[in-house]
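Note: the block below is target_8.cif and it holds mmCIF, C-alpha atoms.
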```
data_coords
#
loop_
_atom_site.label_atom_id
_atom_site.label_comp_id
_atom_site.auth_asym_id
_atom_site.auth_seq_id
_atom_site.Cartn_x
_atom_site.Cartn_y
_atom_site.Cartn_z
CA MET A 24 14.98 -9.70 -3.34
CA LEU A 25 11.40 -9.18 -2.17
CA ILE A 26 12.59 -6.82 0.55
CA ASP A 27 14.68 -4.87 -1.98
CA ALA A 28 11.65 -4.51 -4.25
CA THR A 29 9.45 -3.22 -1.44
CA PRO A 30 8.57 0.45 -1.81
CA ALA A 31 9.53 2.81 0.96
CA GLY A 32 6.86 5.43 1.40
CA THR A 33 4.92 7.26 4.01
CA ALA A 34 1.40 6.42 2.82
CA PRO A 35 0.01 3.00 3.76
CA GLU A 36 0.45 0.58 0.88
CA LYS A 37 -0.81 -2.95 0.29
CA VAL A 38 1.66 -5.40 -1.21
CA PHE A 39 -0.07 -8.31 -2.92
CA LEU A 40 1.90 -11.57 -2.79
CA ASP A 41 0.36 -13.39 -5.76
CA PHE A 42 0.28 -17.18 -5.47
CA ALA A 43 -1.84 -17.78 -8.60
CA GLY A 44 -0.67 -20.91 -10.38
CA ILE A 45 1.62 -22.01 -7.55
CA GLU A 46 0.54 -25.53 -6.67
CA VAL A 47 3.11 -26.35 -3.98
CA ALA A 48 4.60 -24.23 -1.22
CA THR A 49 6.04 -25.87 1.85
CA VAL A 50 5.35 -24.68 5.36
CA SER A 51 9.03 -23.82 5.82
CA PHE A 52 9.03 -21.71 2.63
CA LEU A 53 5.84 -19.93 3.67
CA ARG A 54 7.17 -19.31 7.19
CA GLU A 55 10.46 -17.86 5.94
CA SER A 56 9.02 -15.89 3.03
CA VAL A 57 5.47 -14.82 3.84
CA ILE A 58 5.61 -14.62 7.63
CA GLY A 59 9.21 -13.38 7.56
CA TYR A 60 8.34 -10.68 5.03
CA ARG A 61 5.23 -9.63 6.93
CA ASP A 62 7.17 -9.41 10.18
CA PHE A 63 9.97 -7.43 8.48
CA THR A 64 7.59 -4.95 6.87
CA ARG A 65 5.53 -4.50 10.01
CA SER A 66 8.59 -3.87 12.18
CA SER A 67 10.77 -1.77 9.90
CA ARG A 68 8.47 -0.30 7.25
CA GLN A 69 5.34 0.50 9.17
CA ASN A 70 3.23 1.42 6.14
CA ILE A 71 3.59 -1.79 4.12
CA TYR A 72 0.81 -4.38 4.44
CA PRO A 73 1.49 -7.75 2.75
CA ILE A 74 -1.58 -9.66 1.57
CA ILE A 75 -1.66 -13.22 0.24
CA THR A 76 -3.39 -13.17 -3.15
CA ASN A 77 -4.99 -15.89 -5.27
CA PRO A 78 -3.67 -18.90 -3.35
CA GLU A 79 -4.33 -22.29 -4.89
CA PRO A 80 -6.18 -24.68 -2.52
CA THR A 81 -3.02 -26.63 -1.66
CA VAL A 82 -1.11 -23.45 -0.78
CA LEU A 83 -4.07 -22.11 1.19
CA GLU A 84 -4.13 -25.36 3.17
CA GLU A 85 -0.42 -25.03 4.00
CA LEU A 86 -0.91 -21.39 5.01
CA GLU A 87 -3.81 -22.34 7.27
CA HIS A 88 -1.70 -25.05 8.90
CA LEU A 89 1.19 -22.62 9.39
CA VAL A 90 -0.78 -19.75 10.93
CA LYS A 91 -2.65 -22.15 13.19
CA ALA A 92 0.64 -23.57 14.48
CA LEU A 93 1.97 -20.03 15.02
CA ASN A 94 -1.31 -18.78 16.52
CA ASP A 95 -1.16 -16.06 13.88
CA VAL A 96 -3.32 -14.55 11.16
CA LEU A 97 -2.79 -13.21 7.61
CA TRP A 98 -4.91 -11.29 5.13
CA CYS A 99 -5.84 -13.20 2.00
CA CYS A 100 -7.81 -12.16 -1.07
CA TRP A 101 -8.65 -13.23 -4.59
CA LEU A 102 -8.37 -10.84 -7.52
CA ASP A 103 -10.17 -10.84 -10.85
CA ALA A 104 -8.47 -10.23 -14.23
CA ARG A 105 -8.54 -6.47 -13.58
CA ASP A 106 -6.96 -6.84 -10.13
CA ASN A 107 -10.21 -6.02 -8.31
CA ILE A 108 -10.70 -7.83 -5.04
CA ILE A 109 -13.55 -10.29 -5.48
CA ARG A 110 -13.23 -12.09 -2.14
CA GLN A 111 -11.26 -11.53 1.02
CA GLN A 112 -10.73 -13.17 4.36
CA PHE A 113 -8.05 -13.63 6.91
CA ILE A 114 -6.32 -16.94 7.37
CA GLY A 115 -6.10 -18.09 10.96
CA GLU A 116 -8.12 -17.23 14.02
CA LEU A 117 -8.15 -14.30 16.36
CA ASP A 118 -8.54 -14.82 20.08
CA PRO A 119 -11.80 -13.47 21.54
CA ALA A 120 -10.28 -10.12 22.58
CA GLN A 121 -8.66 -9.60 19.18
CA ARG A 122 -11.88 -10.65 17.43
CA GLN A 123 -13.93 -8.20 19.51
CA THR A 124 -11.54 -5.36 18.69
CA PHE A 125 -11.41 -6.25 14.99
CA GLU A 126 -15.22 -6.30 14.84
CA LYS A 127 -15.50 -2.91 16.57
CA VAL A 128 -13.11 -1.34 14.07
CA ARG A 129 -14.99 -2.99 11.21
CA GLU A 130 -18.26 -1.63 12.61
CA LEU A 131 -16.91 1.92 12.97
CA GLY A 132 -14.75 2.01 9.84
CA MET A 133 -11.96 3.87 11.64
CA SER A 134 -11.36 4.29 15.33
CA THR A 135 -8.98 5.29 18.09
CA ALA A 136 -8.51 3.69 21.49
CA PRO A 137 -10.19 6.63 23.29
CA GLN A 138 -13.16 6.42 20.92
CA LEU A 139 -13.58 2.70 21.60
CA ALA A 140 -13.36 3.25 25.37
CA ASP A 141 -15.96 6.04 25.16
CA ARG A 142 -18.27 4.25 22.75
CA PHE A 143 -18.22 0.86 24.50
CA PRO A 144 -17.98 1.57 28.25
CA ASP A 145 -20.05 -1.53 29.03
CA THR A 146 -17.11 -3.72 27.98
CA GLY A 147 -15.06 -2.49 30.96
CA ILE A 148 -12.06 -2.09 28.66
CA GLY A 149 -10.00 1.06 29.21
CA THR A 150 -8.18 3.18 26.69
CA THR A 151 -4.80 1.54 27.32
CA ALA A 152 -6.20 -1.96 26.81
CA TRP A 153 -7.98 -0.88 23.61
CA ASN A 154 -4.73 0.67 22.38
CA ASN A 155 -2.79 -2.52 23.11
CA ARG A 156 -5.35 -4.59 21.23
CA LEU A 157 -5.37 -2.21 18.25
CA SER A 158 -1.57 -2.12 18.13
CA GLY A 159 -1.46 -5.93 18.25
CA LEU A 160 -3.80 -6.18 15.27
CA ALA A 161 -1.74 -3.59 13.40
CA ALA A 162 1.42 -5.60 14.13
CA LYS A 163 -0.25 -8.61 12.53
CA GLY A 164 -0.99 -6.49 9.47
CA LEU A 165 -4.78 -6.53 9.85
CA LEU A 166 -5.19 -2.84 10.69
CA VAL A 167 -3.62 0.30 9.22
CA GLU A 168 -2.27 2.56 11.95
CA THR A 169 -2.21 6.30 11.29
CA ARG A 170 -0.94 9.00 13.65
CA GLN A 171 -3.19 11.99 14.34
CA GLY A 172 -1.16 14.17 16.69
CA LYS A 173 -0.65 12.14 19.86
CA THR A 174 -3.44 9.72 18.97
CA LYS A 175 -3.29 6.77 16.59
CA SER A 176 -6.29 5.86 14.47
CA PHE A 177 -6.87 2.41 13.05
CA ARG A 178 -8.81 1.03 10.08
CA LEU A 179 -8.98 -2.29 8.27
CA VAL A 180 -6.25 -2.97 5.71
CA LEU A 181 -8.85 -4.47 3.37
CA GLU A 182 -12.03 -2.43 3.45
CA GLY A 183 -15.36 -4.21 3.48
CA SER A 184 -14.02 -7.26 5.28
#
```

For this file, write the structure as structure tokens.
Amino acid sequence: MLIDATPAGTAPEKVFLDFAGIEVATVSFLRESVIGYRDFTRSSRQNIYPIITNPEPTVLEELEHLVKALNDVLWCCWLDARDNIIRQQFIGELDPAQRQTFEKVRELGMSTAPQLADRFPDTGIGTTAWNNRLSGLAAKGLLVETRQGKTKSFRLVLEGS
């Protein structure tokens, strides 16, 4: 049902999965619904970016347990009454290479693998390695990937993170 309700478009679109008022969600439900949906959208509908919204503390705790066990990460935010994002974070932890790449993209706002290789030559990371890291973060739904000719550019799904 969630998959059927997912828009199919060419422009990147955030899909907010609102958990406000939901006090209990099991790890198995979250794995099959949230992680399953994220994986489906990231593999078959490249421009859909699911984001956990307004999780109650008990649900947030289950999500944290799940992503830790899966060595994964998810975007999470809290919305006010007008659906403005008032706080955002990702649930889970990135490995040092992923964290470094995420921070570089955050610092630059938008970037490509060649730009990162040129801008940070002291890291010793080549264009291919930067591209692999960026693509990995996009597969997790943390970065929006946009094609510009032969090059892909990347930016954060949730700005200001």

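Among the candidates A:Thr81, A:Thr150, A:Asn107, A:Gln123, the residue lying nearest to A:Thr135 is A:Thr150 (atoms considered: all atoms listed in the file).
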
For this session: Name the residues that the PyMOL selection byres ((chain A and resi 42-59) around 10) picks from the file above, as number ranges by chain, using the file's chain letters and numbers.
Result: A: 25, 39-41, 60-65, 73-90, 93, 95-97, 101-102, 163

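For the residues A:Ala162, A:Ile148, A:Ile109, A:Ala28, ranking by smallest atom-to-atom distance to A:Tyr72 using only C-alpha atoms places A:Ala162 first.
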
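Going from atom CA of A:Gln121 over to atom CA of A:Gln138, you cover 16.7 Å.
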
Exercise. Do you have the atom CA of A:Ser134-atom CA of A:Arg110 distance handy?
Worked result: 24.0 Å

Exercise. Could you pull the residues within 12 Å of A:Ala152, counting all atoms listed in the file, minus those fewer than 3 positions along the same chain, as an NGL selection string?
Worked result: :A and (120-121 or 124 or 135-137 or 139-140 or 146-149 or 155-159)

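Restricting the calculation to only C-alpha atoms, the smallest distance between A:Arg129 and any of A:Ala31, A:Ile71, A:Leu165, A:Ala92 is found for A:Leu165.
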
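Each of A:Ile108, A:Leu179, A:Cys100, A:Ile114 was compared to A:Glu126 using all atoms listed in the file, and A:Leu179 turns out to be the nearest.
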